[in-house]
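Next comes work-v1.txt, a file with compact mmCIF, C-alpha atoms.
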```txt
# COMPACT_ATOMS: atom_id res chain seq x y z
CA MET A 105 -1.55 23.30 -10.99
CA ILE A 106 -0.13 21.27 -8.15
CA PRO A 107 3.68 21.12 -8.02
CA THR A 108 5.14 17.69 -8.75
CA SER A 109 7.26 17.89 -5.62
CA TRP A 110 4.23 18.04 -3.32
CA TYR A 111 3.05 14.62 -4.48
CA LEU A 112 6.54 13.20 -4.28
CA PHE A 113 7.10 14.44 -0.72
CA VAL A 114 3.74 13.12 0.44
CA ALA A 115 4.55 9.75 -1.14
CA ALA A 116 7.99 9.74 0.50
CA ALA A 117 6.45 10.52 3.90
CA LEU A 118 3.84 7.78 3.43
CA PHE A 119 6.57 5.31 2.46
CA CYS A 120 8.63 6.16 5.55
CA LEU A 121 5.61 5.83 7.85
CA GLY A 122 4.96 2.40 6.37
CA LEU A 123 8.63 1.53 6.81
CA TYR A 124 8.44 2.51 10.49
CA GLY A 125 5.35 0.34 10.89
CA VAL A 126 7.06 -2.65 9.28
CA LEU A 127 10.19 -2.31 11.39
CA ALA A 128 8.71 -1.36 14.75
CA ARG A 129 5.38 -3.13 15.16
CA LYS A 130 5.15 -6.46 16.92
CA ASN A 131 1.79 -7.57 15.58
CA ALA A 132 2.16 -9.41 12.26
CA ILE A 133 -1.05 -7.86 10.91
CA ALA A 134 0.28 -4.38 11.71
CA ILE A 135 3.42 -5.24 9.74
CA LEU A 136 1.24 -6.15 6.75
CA MET A 137 -0.58 -2.82 7.11
CA GLY A 138 2.78 -1.04 6.97
CA VAL A 139 3.58 -2.91 3.76
CA GLU A 140 0.26 -1.73 2.32
CA LEU A 141 1.15 1.89 3.09
CA MET A 142 4.53 1.48 1.38
CA LEU A 143 2.93 -0.05 -1.73
CA ASN A 144 0.46 2.82 -1.89
CA ALA A 145 3.29 5.35 -1.74
CA VAL A 146 4.96 3.55 -4.65
CA ASN A 147 1.73 3.65 -6.65
CA ILE A 148 1.41 7.41 -6.10
CA ASN A 149 4.95 7.87 -7.38
CA LEU A 150 4.29 5.75 -10.48
CA ILE A 151 1.20 7.78 -11.38
CA VAL A 152 2.98 11.10 -10.68
CA PHE A 153 5.84 10.22 -13.00
CA TRP A 154 3.40 8.97 -15.63
CA ARG A 155 1.86 12.46 -15.52
CA TYR A 156 5.27 14.13 -15.37
CA TRP A 157 6.29 12.56 -18.69
CA GLY A 158 3.13 13.83 -20.36
CA ALA A 159 0.79 10.86 -19.84
CA LYS A 160 1.83 9.36 -23.19
CA GLU A 161 3.34 6.01 -22.19
CA VAL A 162 1.27 3.45 -20.36
CA ALA A 163 4.22 1.78 -18.64
CA GLY A 164 3.50 3.54 -15.33
CA PRO A 165 -0.21 2.68 -15.14
CA ALA A 166 0.48 -0.89 -16.29
CA PHE A 167 3.03 -1.24 -13.48
CA VAL A 168 0.45 0.07 -11.00
CA ILE A 169 -1.92 -2.72 -12.07
CA ILE A 170 0.82 -5.31 -11.50
CA VAL A 171 1.62 -3.79 -8.08
CA LEU A 172 -2.07 -4.00 -7.16
CA ALA A 173 -2.21 -7.67 -8.14
CA ALA A 174 0.95 -8.41 -6.18
CA ALA A 175 -0.42 -6.54 -3.15
CA ALA A 176 -3.66 -8.51 -3.26
CA ALA A 177 -1.76 -11.81 -3.50
CA GLU A 178 0.58 -10.78 -0.69
CA VAL A 179 -2.25 -9.86 1.66
CA ALA A 180 -4.21 -13.03 0.94
CA VAL A 181 -1.26 -15.34 1.59
CA GLY A 182 0.10 -13.24 4.46
CA LEU A 183 -3.17 -13.18 6.36
CA ALA A 184 -3.68 -16.91 5.73
CA LEU A 185 -0.22 -17.55 7.19
CA ILE A 186 -0.98 -15.34 10.20
CA ILE A 187 -4.30 -17.10 10.87
CA SER A 188 -2.62 -20.49 10.49
CA ALA A 189 0.15 -19.47 12.90
CA TYR A 190 -2.46 -18.18 15.33
CA ARG A 191 -4.28 -21.52 15.27
CA ARG A 192 -1.14 -23.48 16.01
CA ARG A 193 0.72 -21.20 18.40
CA HIS A 194 -1.90 -18.74 19.69
CA THR A 195 0.30 -15.76 18.98
CA ILE A 196 0.67 -13.34 16.13
CA ALA A 197 3.59 -11.40 17.59
CA ALA A 198 6.25 -11.48 14.90
CA ASP A 199 9.06 -12.05 17.39
CA GLU A 200 7.32 -15.06 18.98
CA ILE A 201 6.79 -16.92 15.69
CA ASP A 202 10.31 -18.33 15.76
CA ALA A 203 9.91 -22.00 14.81
CA LEU A 204 12.53 -21.61 12.09
CA LYS A 205 15.07 -20.05 14.43
CA GLY A 206 18.38 -21.91 14.36
CA MET B 213 -3.14 29.10 -3.93
CA ASN B 214 -6.01 27.69 -5.89
CA PHE B 215 -8.80 25.32 -4.99
CA LEU B 216 -7.05 22.12 -6.12
CA GLN B 217 -4.01 22.96 -4.02
CA VAL B 218 -6.19 23.42 -0.94
CA VAL B 219 -7.85 20.06 -1.65
CA PHE B 220 -4.43 18.47 -2.08
CA ILE B 221 -3.11 19.86 1.21
CA LEU B 222 -6.20 18.79 3.17
CA THR B 223 -6.17 15.32 1.59
CA SER B 224 -2.49 14.70 2.17
CA ALA B 225 -2.73 15.97 5.77
CA VAL B 226 -5.60 13.55 6.45
CA THR B 227 -3.78 10.70 4.65
CA LEU B 228 -0.52 11.17 6.52
CA GLY B 229 -2.34 11.66 9.84
CA ALA B 230 -4.27 8.45 9.26
CA ALA B 231 -1.02 6.67 8.33
CA VAL B 232 0.55 7.85 11.59
CA MET B 233 -2.42 6.42 13.46
CA VAL B 234 -2.09 3.13 11.54
CA VAL B 235 1.48 2.62 12.72
CA THR B 236 1.01 3.94 16.27
CA SER B 237 -2.51 2.87 17.27
CA HIS B 238 -2.58 0.37 20.14
CA ARG B 239 -5.83 -1.30 19.23
CA MET B 240 -5.48 -3.27 16.01
CA ILE B 241 -9.09 -2.80 14.94
CA ARG B 242 -8.62 0.97 15.12
CA ALA B 243 -5.38 0.72 13.15
CA ALA B 244 -7.29 -1.21 10.47
CA LEU B 245 -10.01 1.48 10.31
CA TRP B 246 -7.38 4.22 10.09
CA LEU B 247 -5.85 2.23 7.25
CA VAL B 248 -9.16 2.49 5.39
CA LEU B 249 -9.03 6.29 5.79
CA ALA B 250 -5.42 6.44 4.57
CA LEU B 251 -6.26 4.29 1.52
CA PHE B 252 -9.22 6.53 0.76
CA GLY B 253 -6.94 9.59 0.93
CA VAL B 254 -4.64 7.94 -1.60
CA ALA B 255 -7.68 7.36 -3.84
CA ILE B 256 -8.41 11.11 -3.69
CA LEU B 257 -4.79 11.81 -4.61
CA PHE B 258 -5.22 9.56 -7.67
CA ALA B 259 -8.33 11.53 -8.60
CA LEU B 260 -6.37 14.78 -8.25
CA LEU B 261 -3.77 13.28 -10.61
CA GLN B 262 -6.59 12.78 -13.14
CA ALA B 263 -6.20 9.04 -12.92
CA GLY B 264 -9.84 8.43 -12.09
CA PHE B 265 -9.62 4.77 -13.07
CA PHE B 266 -7.02 4.17 -10.38
CA ALA B 267 -9.06 6.09 -7.82
CA VAL B 268 -11.91 3.64 -8.44
CA VAL B 269 -9.56 0.63 -8.47
CA GLN B 270 -8.04 1.87 -5.21
CA VAL B 271 -11.45 1.96 -3.54
CA VAL B 272 -12.58 -1.38 -4.97
CA VAL B 273 -9.39 -3.40 -4.47
CA TYR B 274 -7.70 -1.78 -1.49
CA ILE B 275 -10.67 -0.69 0.60
CA GLY B 276 -13.16 -3.22 -0.69
CA ALA B 277 -10.94 -6.29 -0.56
CA ILE B 278 -7.63 -5.78 1.21
CA ALA B 279 -8.82 -3.62 4.11
CA ILE B 280 -11.79 -5.92 4.70
CA LEU B 281 -9.47 -8.95 4.72
CA VAL B 282 -7.25 -7.16 7.25
CA ILE B 283 -10.26 -6.36 9.44
CA PHE B 284 -11.37 -10.01 9.29
CA ALA B 285 -7.90 -11.16 10.26
CA VAL B 286 -7.82 -8.69 13.17
CA MET B 287 -11.14 -9.97 14.42
CA LEU B 288 -10.14 -13.63 14.06
CA THR B 289 -6.95 -13.07 16.06
CA ARG B 290 -8.32 -10.58 18.54
CA HIS B 291 -7.25 -12.40 21.70
CA ALA B 292 -3.77 -13.16 20.45
CA MET B 293 -2.19 -9.93 21.60
CA GLN B 294 -3.63 -7.97 24.47
CA ASP B 295 -4.31 -4.54 23.12
CA GLU B 296 -2.89 -2.96 26.26
CA GLY B 297 0.61 -4.43 26.05
CA ALA B 298 3.54 -2.93 24.21
CA GLN B 299 2.82 -2.93 20.49
CA VAL B 300 6.34 -2.13 19.35
CA ASN B 301 9.62 -3.98 19.50
CA ARG B 302 12.33 -3.06 21.95
CA GLY B 303 14.33 -1.48 19.14
CA TRP B 304 11.56 0.86 17.98
CA TRP B 305 13.83 3.91 18.24
CA ALA B 306 16.10 2.30 15.64
CA ALA B 307 13.05 1.95 13.38
CA VAL B 308 12.35 5.67 13.89
CA LEU B 309 15.95 6.44 12.93
CA VAL B 310 15.79 4.24 9.81
CA ALA B 311 12.48 5.81 8.73
CA LEU B 312 13.73 9.36 9.30
CA GLY B 313 17.00 8.54 7.53
CA THR B 314 15.10 7.11 4.56
CA PHE B 315 12.94 10.22 4.41
CA ALA B 316 16.00 12.47 4.60
CA GLY B 317 17.65 10.48 1.81
CA LEU B 318 14.55 10.63 -0.38
CA ALA B 319 14.16 14.36 0.29
CA PHE B 320 17.81 14.93 -0.62
CA LEU B 321 17.38 13.00 -3.88
CA LEU B 322 14.18 14.87 -4.71
CA LEU B 323 15.65 18.30 -4.00
CA ASN B 324 18.56 17.52 -6.33
CA TRP B 325 16.28 16.23 -9.08
CA ALA B 326 16.09 18.43 -12.18
CA GLY B 327 12.29 18.33 -12.42
CA ILE B 328 11.65 19.37 -8.83
CA GLY B 329 10.30 22.80 -9.76
CA SER B 330 7.83 21.48 -12.32
CA SER B 331 4.09 21.45 -11.97
CA LEU B 332 1.68 18.92 -13.37
CA GLY B 333 -0.47 20.63 -15.98
CA GLU B 334 -4.05 19.67 -16.62
CA LEU B 335 -4.74 16.81 -18.98
CA SER B 336 -7.48 17.53 -21.46
CA ALA B 337 -10.57 15.36 -21.08
CA ASP B 338 -9.61 13.52 -24.28
CA GLU B 339 -6.12 12.70 -23.03
CA ALA B 340 -7.46 11.52 -19.69
CA ARG B 341 -10.00 9.29 -21.44
CA LYS B 342 -7.36 7.74 -23.68
CA LEU B 343 -5.63 6.09 -20.71
CA ILE B 344 -8.07 3.20 -20.28
CA PRO B 345 -8.20 1.92 -23.90
CA GLN B 346 -4.44 2.42 -24.26
CA MET B 347 -3.73 0.52 -21.08
CA GLY B 348 -6.20 -2.22 -21.87
CA GLN B 349 -4.54 -2.80 -25.22
CA ALA B 350 -1.05 -2.63 -23.76
CA LEU B 351 -1.91 -5.27 -21.17
CA VAL B 352 -2.89 -7.84 -23.80
CA SER B 353 -0.65 -6.97 -26.75
CA ALA B 354 2.33 -9.19 -27.38
CA ASP B 355 4.81 -6.33 -27.87
CA ALA B 356 3.80 -4.65 -24.61
CA TYR B 357 2.86 -6.15 -21.25
CA VAL B 358 1.08 -9.40 -21.95
CA LEU B 359 3.77 -11.44 -20.20
CA PRO B 360 3.72 -9.47 -16.91
CA PHE B 361 -0.07 -9.52 -17.11
CA GLU B 362 -0.22 -13.31 -17.46
CA VAL B 363 2.39 -13.79 -14.75
CA ALA B 364 0.29 -11.60 -12.46
CA SER B 365 -2.78 -13.72 -13.17
CA VAL B 366 -0.88 -16.92 -12.40
CA LEU B 367 0.44 -15.25 -9.23
CA LEU B 368 -3.10 -14.39 -8.16
CA LEU B 369 -4.29 -17.93 -8.85
CA ALA B 370 -1.38 -19.40 -6.90
CA ALA B 371 -2.03 -16.99 -4.03
CA LEU B 372 -5.72 -17.95 -4.03
CA ILE B 373 -5.00 -21.66 -3.86
CA GLY B 374 -2.15 -21.16 -1.39
CA ALA B 375 -4.28 -19.02 0.92
CA ILE B 376 -7.06 -21.61 0.94
CA TYR B 377 -4.59 -24.43 1.59
CA ILE B 378 -2.70 -22.63 4.35
CA ALA B 379 -5.70 -21.26 6.23
CA ARG B 380 -7.76 -24.46 5.94
CA GLU B 381 -8.79 -26.10 9.18
CA LYS B 382 -6.76 -29.29 9.20
CA ASN B 383 -8.87 -32.33 10.00
CA PRO B 384 -6.85 -34.49 12.43
CA GLN B 385 -8.48 -37.75 11.25
CA VAL B 386 -7.37 -37.39 7.64
```
Take the structure I supplied and represent it as structure tokens, if you would.
Amino acid sequence: MIPTSWYLFVAAALFCLGLYGVLARKNAIAILMGVELMLNAVNINLIVFWRYWGAKEVAGPAFVIIVLAAAAAEVAVGLALIISAYRRRHTIAADEIDALKG
Amino acid sequence: MNFLQVVFILTSAVTLGAAVMVVTSHRMIRAALWLVLALFGVAILFALLQAGFFAVVQVVVYIGAIAILVIFAVMLTRHAMQDEGAQVNRGWWAAVLVALGTFAGLAFLLLNWAGIGSSLGELSADEARKLIPQMGQALVSADAYVLPFEVASVLLLAALIGAIYIAREKNPQV
């Protein structure tokens, strides 16, 4: 019997670590890794609440599947963009990719 | 404190420690390998939640596909950022403040939540087994989640084609 709150606090801590990574890191790939950590924290929460409500409804698990698909799509396109930017500008520092800056 | 609680505490300590290394490590390849460890810890948490299907999916999709893609991207762009230089923005302390503030807010919400004292009981083996057929039917039945499911498949297809198009080596003659 593991208390519900333990899972939720671990997920919250994981989310905040990912948030720090997204906000603070310069490297675009590191930012993507932070996003992955945040998505994982969300998935933990979805499964915990699915269990909390008695594991009857499948809405939580179905949402986890959609989140996984979105994460896979996001990583594929994100890394392709990073590699393309690297080819053209030889940098993957997020603050140096500023071609759209006004 | 029983055995599962000890496993939970060890797993979450390793997961959070690995996550700290992911966001602080100076060498990107090490950050990517720490990410694999953190994702594996999350898979163990899914197993502890008796969602064995998601533990397997976590290993196959996150570690098998996403982490490997990240490692490839790190290796392809290795010389872009010297690993020795500063890896964080000038305003990193503000990021620390935002992250700590978010955690404080989430902790406040959780502590005020009515179900905070509850524990997750054990699912019987039958209940745990029912998840996969139930979910499989829900994903393709018209009165459940067939629309999100189809949208997700179109999203994956679009991402596949988009990734190939964006990352393709452009031939200057064409």
Can you find the residues with an atom no farther than 10 Å from (3.9, -16.3, 11.7), counting only C-alpha atoms, and report them as a PyMOL selection string? chain A and resi 131-133+182-190+192-193+195-203
If you take all atoms listed in the file and a cut-off of 12 Å, which residues of chain A touch range 237-250 of chain B, and what are their nearest atom pairs and distances in Å to one decimal, in chain and number order, as a tab-separated table?
```
residue	atom	partner	partner_atom	distance
A:Ala115	CA	B:Ala250	CA	12.0
A:Leu118	CA	B:Ala250	CA	9.4
A:Leu121	CA	B:Ala250	CA	11.5
A:Gly122	CA	B:Leu247	CA	10.8
A:Gly125	CA	B:Ser237	CA	10.4
A:Arg129	CA	B:His238	CA	10.0
A:Lys130	CA	B:His238	CA	10.8
A:Asn131	CA	B:Met240	CA	8.5
A:Ala132	CA	B:Met240	CA	10.5
A:Ile133	CA	B:Met240	CA	8.2
A:Ala134	CA	B:Met240	CA	7.3
A:Ile135	CA	B:Met240	CA	11.1
A:Leu136	CA	B:Ala244	CA	10.5
A:Met137	CA	B:Leu247	CA	7.3
A:Gly138	CA	B:Leu247	CA	9.2
A:Val139	CA	B:Leu247	CA	11.3
A:Glu140	CA	B:Leu247	CA	8.8
A:Leu141	CA	B:Ala250	CA	8.1
A:Met142	CA	B:Ala250	CA	11.6
A:Asn144	CA	B:Ala250	CA	9.5
A:Ala145	CA	B:Ala250	CA	10.8
A:Ile196	CA	B:Met240	CA	11.8
```
Can I get the selection written as a tab-separated table (two decimals), in the coordinates of the input, with C-alpha atoms?
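As a result, selection_3.tsv now contains:
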```
chain	number	residue	atom	x	y	z
A	115	ALA	CA	4.55	9.75	-1.14
A	118	LEU	CA	3.84	7.78	3.43
A	121	LEU	CA	5.61	5.83	7.85
A	122	GLY	CA	4.96	2.40	6.37
A	125	GLY	CA	5.35	0.34	10.89
A	129	ARG	CA	5.38	-3.13	15.16
A	130	LYS	CA	5.15	-6.46	16.92
A	131	ASN	CA	1.79	-7.57	15.58
A	132	ALA	CA	2.16	-9.41	12.26
A	133	ILE	CA	-1.05	-7.86	10.91
A	134	ALA	CA	0.28	-4.38	11.71
A	135	ILE	CA	3.42	-5.24	9.74
A	136	LEU	CA	1.24	-6.15	6.75
A	137	MET	CA	-0.58	-2.82	7.11
A	138	GLY	CA	2.78	-1.04	6.97
A	139	VAL	CA	3.58	-2.91	3.76
A	140	GLU	CA	0.26	-1.73	2.32
A	141	LEU	CA	1.15	1.89	3.09
A	142	MET	CA	4.53	1.48	1.38
A	144	ASN	CA	0.46	2.82	-1.89
A	145	ALA	CA	3.29	5.35	-1.74
A	196	ILE	CA	0.67	-13.34	16.13
```
I need the residue nearest Pro345 in chain B from this list: B:Thr236, B:Phe265, B:Phe284, B:Trp325. Use only C-alpha atoms for the distance.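 Among the listed residues, B:Phe265 lies closest to Pro345 in chain B.
Interface residues on chain B toward chain A (cut-off 6 Å, all atoms listed in the file): Gln217, Val235, Ala292, Gln299, Val300, Asn301, Trp304, Ala307, Ala311, Ile328, Ser330, Ser331, Leu332, Gly333, Met347, Leu368, Ala371, Ala375, Ile378 and Ala379 of chain B.
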Residues near Phe252 in chain B, anyone? I mean within 8 Å using all atoms listed in the file, not counting same-chain ones fewer than 6 positions away, as number ranges by chain. B: 227, 270-271, 275
Selection export as a PDB file, in the frame of the given file, atoms kept: C-alpha atoms:
```
ATOM      1  CA  THR B 227      -3.780  10.700   4.650  1.00  0.00           C
ATOM      2  CA  GLN B 270      -8.040   1.870  -5.210  1.00  0.00           C
ATOM      3  CA  VAL B 271     -11.450   1.960  -3.540  1.00  0.00           C
ATOM      4  CA  ILE B 275     -10.670  -0.690   0.600  1.00  0.00           C
TER       5      ILE B 275
END
```
Out of B:Leu222, B:Gln262, B:Leu288, B:Phe215, which residue has the shortest atom-to-atom distance to Asp338 in chain B when counting only C-alpha atoms?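 Of the candidates, the smallest distance to Asp338 in chain B is held by B:Gln262.
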Listed atoms of range 107-115 of chain A boxed along x, y and z, 4 Å each side, centre and edge lengths in Å, one decimal, as JSON:
```
{"center_x": 5.2, "center_y": 15.4, "center_z": -4.2, "size_x": 12.2, "size_y": 19.4, "size_z": 17.2}
```
Between CA of Leu228 in chain B and CA of Leu312 in chain B - distance in Å to one decimal: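 These atoms are spaced 14.6 Å apart.
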What does the distance from CA of Val268 in chain B to CA of Gly374 in chain B come to in Å, to one decimal? 27.6 Å
